[in-house]
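As stored in final.tsv (TSV, N, CA and C atoms):
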```tsv
chain	number	residue	atom	x	y	z
M	168	MET	N	-37.28	-3.90	-0.37
M	168	MET	CA	-36.18	-3.38	0.42
M	168	MET	C	-35.03	-4.38	0.45
M	169	ARG	N	-35.35	-5.63	0.52
M	169	ARG	CA	-34.32	-6.65	0.59
M	169	ARG	C	-33.48	-6.65	-0.69
M	170	ARG	N	-34.12	-6.46	-1.82
M	170	ARG	CA	-33.41	-6.44	-3.08
M	170	ARG	C	-32.49	-5.22	-3.20
M	171	ALA	N	-32.88	-4.12	-2.61
M	171	ALA	CA	-32.09	-2.89	-2.72
M	171	ALA	C	-30.78	-3.00	-1.94
M	172	LEU	N	-30.75	-3.79	-0.89
M	172	LEU	CA	-29.55	-3.90	-0.08
M	172	LEU	C	-28.55	-4.90	-0.64
M	173	LYS	N	-29.01	-5.88	-1.40
M	173	LYS	CA	-28.12	-6.90	-1.94
M	173	LYS	C	-27.87	-6.62	-3.41
M	174	SER	N	-26.62	-6.55	-3.73
M	174	SER	CA	-26.25	-6.33	-5.12
M	174	SER	C	-26.06	-7.68	-5.81
M	175	GLY	N	-26.69	-7.83	-6.96
M	175	GLY	CA	-26.56	-9.07	-7.71
M	175	GLY	C	-25.43	-9.02	-8.71
M	176	TYR	N	-24.76	-7.88	-8.82
M	176	TYR	CA	-23.70	-7.72	-9.81
M	176	TYR	C	-22.38	-8.27	-9.29
M	177	ARG	N	-21.80	-9.19	-10.03
M	177	ARG	CA	-20.50	-9.77	-9.66
M	177	ARG	C	-19.60	-9.76	-10.87
M	178	LEU	N	-18.33	-9.48	-10.63
M	178	LEU	CA	-17.35	-9.53	-11.71
M	178	LEU	C	-16.96	-10.97	-11.98
M	179	SER	N	-16.74	-11.27	-13.23
M	179	SER	CA	-16.32	-12.63	-13.57
M	179	SER	C	-14.88	-12.85	-13.11
M	180	SER	N	-14.49	-14.10	-13.05
M	180	SER	CA	-13.14	-14.44	-12.63
M	180	SER	C	-12.10	-13.87	-13.59
M	181	ARG	N	-12.43	-13.88	-14.87
M	181	ARG	CA	-11.52	-13.33	-15.88
M	181	ARG	C	-11.34	-11.82	-15.71
M	182	THR	N	-12.44	-11.12	-15.46
M	182	THR	CA	-12.36	-9.67	-15.24
M	182	THR	C	-11.56	-9.36	-13.98
M	183	GLN	N	-11.78	-10.14	-12.93
M	183	GLN	CA	-11.03	-9.92	-11.70
M	183	GLN	C	-9.54	-10.17	-11.90
M	184	SER	N	-9.21	-11.21	-12.64
M	184	SER	CA	-7.78	-11.47	-12.88
M	184	SER	C	-7.16	-10.39	-13.75
M	185	THR	N	-7.92	-9.85	-14.70
M	185	THR	CA	-7.42	-8.73	-15.51
M	185	THR	C	-7.17	-7.51	-14.64
M	186	LEU	N	-8.09	-7.22	-13.75
M	186	LEU	CA	-7.90	-6.10	-12.83
M	186	LEU	C	-6.71	-6.33	-11.91
M	187	LEU	N	-6.52	-7.56	-11.49
M	187	LEU	CA	-5.38	-7.90	-10.64
M	187	LEU	C	-4.07	-7.70	-11.39
M	188	VAL	N	-4.03	-8.04	-12.67
M	188	VAL	CA	-2.83	-7.82	-13.48
M	188	VAL	C	-2.55	-6.32	-13.61
M	189	LEU	N	-3.59	-5.53	-13.88
M	189	LEU	CA	-3.41	-4.09	-14.02
M	189	LEU	C	-2.94	-3.45	-12.72
M	190	LEU	N	-3.51	-3.88	-11.60
M	190	LEU	CA	-3.08	-3.35	-10.31
M	190	LEU	C	-1.65	-3.78	-9.98
M	191	THR	N	-1.28	-4.98	-10.38
M	191	THR	CA	0.09	-5.44	-10.16
M	191	THR	C	1.07	-4.55	-10.91
M	192	LEU	N	0.76	-4.27	-12.17
M	192	LEU	CA	1.62	-3.37	-12.95
M	192	LEU	C	1.68	-1.97	-12.34
M	193	GLY	N	0.53	-1.51	-11.86
M	193	GLY	CA	0.49	-0.19	-11.21
M	193	GLY	C	1.35	-0.12	-9.96
M	194	TRP	N	1.27	-1.16	-9.12
M	194	TRP	CA	2.07	-1.17	-7.89
M	194	TRP	C	3.55	-1.34	-8.19
M	195	LEU	N	3.87	-2.08	-9.24
M	195	LEU	CA	5.29	-2.21	-9.61
M	195	LEU	C	5.84	-0.88	-10.11
M	196	LEU	N	5.02	-0.11	-10.80
M	196	LEU	CA	5.44	1.22	-11.23
M	196	LEU	C	5.56	2.18	-10.04
M	197	MET	N	4.66	2.04	-9.07
M	197	MET	CA	4.72	2.91	-7.89
M	197	MET	C	5.88	2.56	-6.97
M	198	ALA	N	6.48	1.40	-7.15
M	198	ALA	CA	7.65	1.04	-6.35
M	198	ALA	C	8.84	1.92	-6.67
M	199	VAL	N	8.89	2.46	-7.89
M	199	VAL	CA	10.01	3.33	-8.28
M	199	VAL	C	9.97	4.64	-7.49
M	200	PRO	N	8.84	5.40	-7.47
M	200	PRO	CA	8.82	6.58	-6.60
M	200	PRO	C	8.95	6.22	-5.12
M	201	GLY	N	8.48	5.03	-4.75
M	201	GLY	CA	8.65	4.58	-3.37
M	201	GLY	C	10.10	4.39	-3.01
M	202	ALA	N	10.90	3.90	-3.96
M	202	ALA	CA	12.34	3.75	-3.72
M	202	ALA	C	13.01	5.11	-3.61
M	203	ILE	N	12.57	6.06	-4.40
M	203	ILE	CA	13.11	7.42	-4.29
M	203	ILE	C	12.74	8.02	-2.93
M	204	LEU	N	11.52	7.78	-2.48
M	204	LEU	CA	11.10	8.22	-1.14
M	204	LEU	C	11.96	7.58	-0.07
M	205	ALA	N	12.31	6.32	-0.26
M	205	ALA	CA	13.15	5.62	0.73
M	205	ALA	C	14.53	6.26	0.82
M	206	VAL	N	15.04	6.75	-0.30
M	206	VAL	CA	16.35	7.41	-0.28
M	206	VAL	C	16.29	8.69	0.53
M	207	PHE	N	15.19	9.42	0.41
M	207	PHE	CA	15.06	10.69	1.11
M	207	PHE	C	14.38	10.58	2.47
M	208	ALA	N	13.98	9.40	2.89
M	208	ALA	CA	13.30	9.21	4.17
M	208	ALA	C	14.13	9.66	5.38
M	209	PRO	N	15.45	9.49	5.39
M	209	PRO	CA	16.21	9.95	6.56
M	209	PRO	C	16.19	11.46	6.78
M	210	LEU	N	15.69	12.22	5.81
M	210	LEU	CA	15.61	13.66	5.97
M	210	LEU	C	14.60	14.08	7.03
M	211	VAL	N	13.76	13.16	7.50
M	211	VAL	CA	12.83	13.52	8.57
M	211	VAL	C	13.57	13.84	9.86
M	212	PHE	N	14.84	13.43	9.95
M	212	PHE	CA	15.62	13.67	11.17
M	212	PHE	C	16.48	14.92	11.08
M	213	ASP	N	16.29	15.76	10.06
M	213	ASP	CA	17.12	16.96	9.89
M	213	ASP	C	16.90	17.99	10.98
M	214	ARG	N	15.68	18.16	11.41
M	214	ARG	CA	15.40	19.17	12.43
M	214	ARG	C	15.90	18.68	13.79
M	215	PRO	N	16.52	19.55	14.58
M	215	PRO	CA	17.00	19.14	15.90
M	215	PRO	C	15.84	18.63	16.77
M	216	GLY	N	16.06	17.54	17.42
M	216	GLY	CA	15.05	16.95	18.29
M	216	GLY	C	14.24	15.85	17.63
M	217	ASN	N	14.28	15.77	16.30
M	217	ASN	CA	13.49	14.74	15.63
M	217	ASN	C	14.06	13.35	15.81
M	218	LEU	N	15.32	13.27	16.20
M	218	LEU	CA	15.91	11.96	16.42
M	218	LEU	C	15.27	11.26	17.62
M	219	HIS	N	14.72	12.04	18.54
M	219	HIS	CA	14.06	11.48	19.72
M	219	HIS	C	12.54	11.53	19.60
M	220	ASN	N	12.03	11.87	18.42
M	220	ASN	CA	10.59	11.98	18.18
M	220	ASN	C	10.06	10.66	17.63
M	221	PRO	N	9.18	9.97	18.37
M	221	PRO	CA	8.65	8.70	17.87
M	221	PRO	C	7.82	8.84	16.61
M	222	VAL	N	7.16	9.97	16.41
M	222	VAL	CA	6.38	10.17	15.19
M	222	VAL	C	7.31	10.25	13.98
M	223	ALA	N	8.49	10.86	14.16
M	223	ALA	CA	9.46	10.91	13.08
M	223	ALA	C	9.96	9.52	12.72
M	224	TRP	N	10.18	8.69	13.72
M	224	TRP	CA	10.61	7.32	13.46
M	224	TRP	C	9.52	6.53	12.75
M	225	LEU	N	8.27	6.74	13.14
M	225	LEU	CA	7.16	6.07	12.47
M	225	LEU	C	7.05	6.52	11.02
M	226	GLY	N	7.18	7.83	10.79
M	226	GLY	CA	7.17	8.35	9.42
M	226	GLY	C	8.33	7.83	8.60
M	227	PHE	N	9.49	7.71	9.23
M	227	PHE	CA	10.66	7.14	8.56
M	227	PHE	C	10.40	5.70	8.12
M	228	GLY	N	9.82	4.92	9.00
M	228	GLY	CA	9.53	3.52	8.67
M	228	GLY	C	8.46	3.39	7.60
M	229	LEU	N	7.40	4.17	7.73
M	229	LEU	CA	6.31	4.09	6.75
M	229	LEU	C	6.77	4.58	5.37
M	230	GLY	N	7.52	5.67	5.35
M	230	GLY	CA	7.99	6.21	4.07
M	230	GLY	C	9.09	5.36	3.45
M	231	GLY	N	9.96	4.86	4.29
M	231	GLY	CA	11.09	4.10	3.79
M	231	GLY	C	10.74	2.70	3.30
M	232	LEU	N	9.65	2.15	3.79
M	232	LEU	CA	9.27	0.79	3.41
M	232	LEU	C	8.11	0.73	2.41
M	233	PHE	N	7.69	1.86	1.90
M	233	PHE	CA	6.58	1.86	0.94
M	233	PHE	C	6.93	1.07	-0.32
M	234	TRP	N	8.16	1.18	-0.78
M	234	TRP	CA	8.56	0.45	-1.98
M	234	TRP	C	8.47	-1.06	-1.76
M	235	ALA	N	8.82	-1.50	-0.56
M	235	ALA	CA	8.76	-2.93	-0.26
M	235	ALA	C	7.32	-3.43	-0.23
M	236	VAL	N	6.43	-2.62	0.30
M	236	VAL	CA	5.01	-2.98	0.32
M	236	VAL	C	4.47	-3.06	-1.11
M	237	CYS	N	4.92	-2.13	-1.96
M	237	CYS	CA	4.48	-2.15	-3.36
M	237	CYS	C	4.98	-3.38	-4.10
M	238	LEU	N	6.10	-3.94	-3.70
M	238	LEU	CA	6.62	-5.14	-4.35
M	238	LEU	C	6.04	-6.42	-3.75
M	239	LEU	N	5.87	-6.45	-2.44
M	239	LEU	CA	5.41	-7.67	-1.78
M	239	LEU	C	3.90	-7.87	-1.84
M	240	SER	N	3.17	-6.78	-1.89
M	240	SER	CA	1.72	-6.88	-1.90
M	240	SER	C	1.18	-7.64	-3.11
M	241	PRO	N	1.61	-7.33	-4.34
M	241	PRO	CA	1.11	-8.12	-5.47
M	241	PRO	C	1.53	-9.59	-5.40
M	242	ALA	N	2.73	-9.86	-4.91
M	242	ALA	CA	3.17	-11.26	-4.79
M	242	ALA	C	2.26	-12.02	-3.83
M	243	LEU	N	1.97	-11.41	-2.70
M	243	LEU	CA	1.08	-12.04	-1.73
M	243	LEU	C	-0.33	-12.18	-2.29
M	244	ALA	N	-0.78	-11.17	-3.03
M	244	ALA	CA	-2.12	-11.24	-3.62
M	244	ALA	C	-2.23	-12.38	-4.63
M	245	TRP	N	-1.20	-12.56	-5.44
M	245	TRP	CA	-1.25	-13.65	-6.42
M	245	TRP	C	-1.16	-15.01	-5.75
M	246	MET	N	-0.44	-15.11	-4.64
M	246	MET	CA	-0.41	-16.38	-3.90
M	246	MET	C	-1.80	-16.74	-3.38
M	247	HIS	N	-2.50	-15.75	-2.83
M	247	HIS	CA	-3.86	-16.00	-2.35
M	247	HIS	C	-4.81	-16.29	-3.50
M	248	TRP	N	-4.62	-15.61	-4.62
M	248	TRP	CA	-5.48	-15.82	-5.79
M	248	TRP	C	-5.36	-17.26	-6.30
M	249	ARG	N	-4.13	-17.76	-6.34
M	249	ARG	CA	-3.92	-19.12	-6.83
M	249	ARG	C	-4.53	-20.18	-5.91
M	250	LYS	N	-4.64	-19.86	-4.62
M	250	LYS	CA	-5.24	-20.80	-3.67
M	250	LYS	C	-6.75	-20.65	-3.59
M	251	GLY	N	-7.32	-19.72	-4.35
M	251	GLY	CA	-8.76	-19.53	-4.37
M	251	GLY	C	-9.30	-18.59	-3.31
M	252	ARG	N	-8.44	-17.91	-2.61
M	252	ARG	CA	-8.87	-16.96	-1.57
M	252	ARG	C	-8.97	-15.57	-2.20
M	253	ARG	N	-10.06	-15.32	-2.87
M	253	ARG	CA	-10.23	-14.07	-3.63
M	253	ARG	C	-10.28	-12.84	-2.72
M	254	THR	N	-10.98	-12.93	-1.60
M	254	THR	CA	-11.10	-11.78	-0.71
M	254	THR	C	-9.75	-11.39	-0.12
M	255	ARG	N	-8.97	-12.38	0.28
M	255	ARG	CA	-7.65	-12.10	0.83
M	255	ARG	C	-6.72	-11.53	-0.25
M	256	ALA	N	-6.90	-11.98	-1.48
M	256	ALA	CA	-6.09	-11.46	-2.57
M	256	ALA	C	-6.36	-9.97	-2.78
M	257	TRP	N	-7.63	-9.60	-2.76
M	257	TRP	CA	-7.96	-8.18	-2.93
M	257	TRP	C	-7.52	-7.35	-1.73
M	258	ALA	N	-7.59	-7.93	-0.55
M	258	ALA	CA	-7.11	-7.21	0.65
M	258	ALA	C	-5.60	-6.99	0.57
M	259	ALA	N	-4.88	-7.99	0.10
M	259	ALA	CA	-3.43	-7.84	-0.05
M	259	ALA	C	-3.10	-6.80	-1.11
M	260	MET	N	-3.89	-6.76	-2.17
M	260	MET	CA	-3.63	-5.79	-3.23
M	260	MET	C	-3.95	-4.37	-2.78
M	261	ALA	N	-4.80	-4.22	-1.79
M	261	ALA	CA	-5.15	-2.90	-1.27
M	261	ALA	C	-4.19	-2.41	-0.20
M	262	ALA	N	-3.28	-3.24	0.25
M	262	ALA	CA	-2.37	-2.86	1.33
M	262	ALA	C	-1.52	-1.63	1.02
M	263	PRO	N	-0.98	-1.45	-0.19
M	263	PRO	CA	-0.20	-0.23	-0.45
M	263	PRO	C	-1.01	1.05	-0.34
M	264	ILE	N	-2.30	0.98	-0.63
M	264	ILE	CA	-3.14	2.18	-0.48
M	264	ILE	C	-3.22	2.56	0.99
M	265	ALA	N	-3.46	1.59	1.84
M	265	ALA	CA	-3.55	1.85	3.28
M	265	ALA	C	-2.19	2.31	3.81
M	266	TRP	N	-1.11	1.70	3.33
M	266	TRP	CA	0.23	2.06	3.77
M	266	TRP	C	0.55	3.51	3.37
M	267	ALA	N	0.22	3.86	2.13
M	267	ALA	CA	0.47	5.23	1.66
M	267	ALA	C	-0.36	6.25	2.44
M	268	ALA	N	-1.61	5.91	2.73
M	268	ALA	CA	-2.45	6.82	3.51
M	268	ALA	C	-1.89	7.01	4.91
M	269	ALA	N	-1.41	5.94	5.52
M	269	ALA	CA	-0.81	6.06	6.85
M	269	ALA	C	0.47	6.88	6.79
M	270	ALA	N	1.28	6.67	5.76
M	270	ALA	CA	2.54	7.43	5.64
M	270	ALA	C	2.27	8.91	5.45
M	271	VAL	N	1.33	9.25	4.58
M	271	VAL	CA	1.02	10.67	4.35
M	271	VAL	C	0.46	11.30	5.62
M	272	THR	N	-0.38	10.58	6.33
M	272	THR	CA	-0.97	11.12	7.56
M	272	THR	C	0.10	11.34	8.63
M	273	VAL	N	0.98	10.37	8.83
M	273	VAL	CA	2.00	10.49	9.88
M	273	VAL	C	3.02	11.56	9.52
M	274	LEU	N	3.43	11.61	8.26
M	274	LEU	CA	4.47	12.58	7.87
M	274	LEU	C	4.00	14.03	7.97
M	275	GLN	N	2.70	14.26	8.03
M	275	GLN	CA	2.20	15.62	8.24
M	275	GLN	C	2.48	16.11	9.65
M	276	PHE	N	2.62	15.19	10.58
M	276	PHE	CA	2.81	15.56	11.98
M	276	PHE	C	4.29	15.59	12.39
M	277	VAL	N	5.19	15.32	11.46
M	277	VAL	CA	6.61	15.40	11.77
M	277	VAL	C	7.04	16.85	11.60
M	278	PRO	N	7.53	17.50	12.65
M	278	PRO	CA	7.94	18.90	12.52
M	278	PRO	C	9.19	19.04	11.65
M	279	GLY	N	9.20	20.10	10.91
M	279	GLY	CA	10.42	20.36	10.18
M	279	GLY	C	10.23	20.73	8.79
```
Encoding of this model in structure tokens:
Amino acid sequence: MRRALKSGYRLSSRTQSTLLVLLTLGWLLMAVPGAILAVFAPLVFDRPGNLHNPVAWLGFGLGGLFWAVCLLSPALAWMHWRKGRRTRAWAAMAAPIAWAAAAVTVLQFVPG
């Protein structure tokens, strides 16, 4: 039972750095649609009353800053990688996924 719970499989440092490079390229490419989303983010205030809706403001912030998270996350991940903090590097690289999930979830509740 003890063996079944612990996985002995580990990726090599070279494989991890290759994956980090691929994810960096992916997030840099996703920054382009994120910038387009940022241009259209003020449209959440089109419906009357949304200017005073805190959920609309949250959706505006999450949608409008997604491109910045896509650009800053790989930079932060590589800084942690160079210092030997592998877990923090992977957590930083996963930040745009969490940000996008939060943006999609919040924007569903904005009326309009």
For atom N of Leu238 in chain M and atom C of Ser179 in chain M, the interatomic separation in Å (one decimal)
24.7 Å
If you measure from atom C of Thr191 in chain M to CA of Ala269 in chain M, what distance in Å do you get, rounded to one decimal?
20.8 Å
Atomic separation - CA of Leu204 in chain M relative to atom N of Val273 in chain M, Å
14.4 Å
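Minimum distance to Ala270 in chain M across M:Pro200, M:Pro241, M:Gly226, M:Gly251 (counting only C-alpha atoms) occurs at M:Gly226.
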Here is a test: counting only C-alpha atoms, which residue of M:Leu225, M:Ala244, M:Met260, M:Leu187 is nearest to Phe276 in chain M?
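Distance minimum relative to Phe276 in chain M lands on M:Leu225.
Ranking M:Trp234, M:Trp245, M:Trp257, M:Trp266 by their shortest atom-to-atom distance to Ile203 in chain M, with only C-alpha atoms included, puts M:Trp234 first.
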Please check which residues have atoms at most 12 Å from (-7.7, -8.1, -5.2) in the file's coordinates, counting only C-alpha atoms, and write them as a PyMOL selection string.
chain M and resi 178+180+182-191+240-249+251-263
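Between Ala202 in chain M and the candidates M:Leu274, M:His219, M:Arg177, M:Gly231, the tightest atom-to-atom separation, counting all atoms listed in the file, involves M:Gly231.
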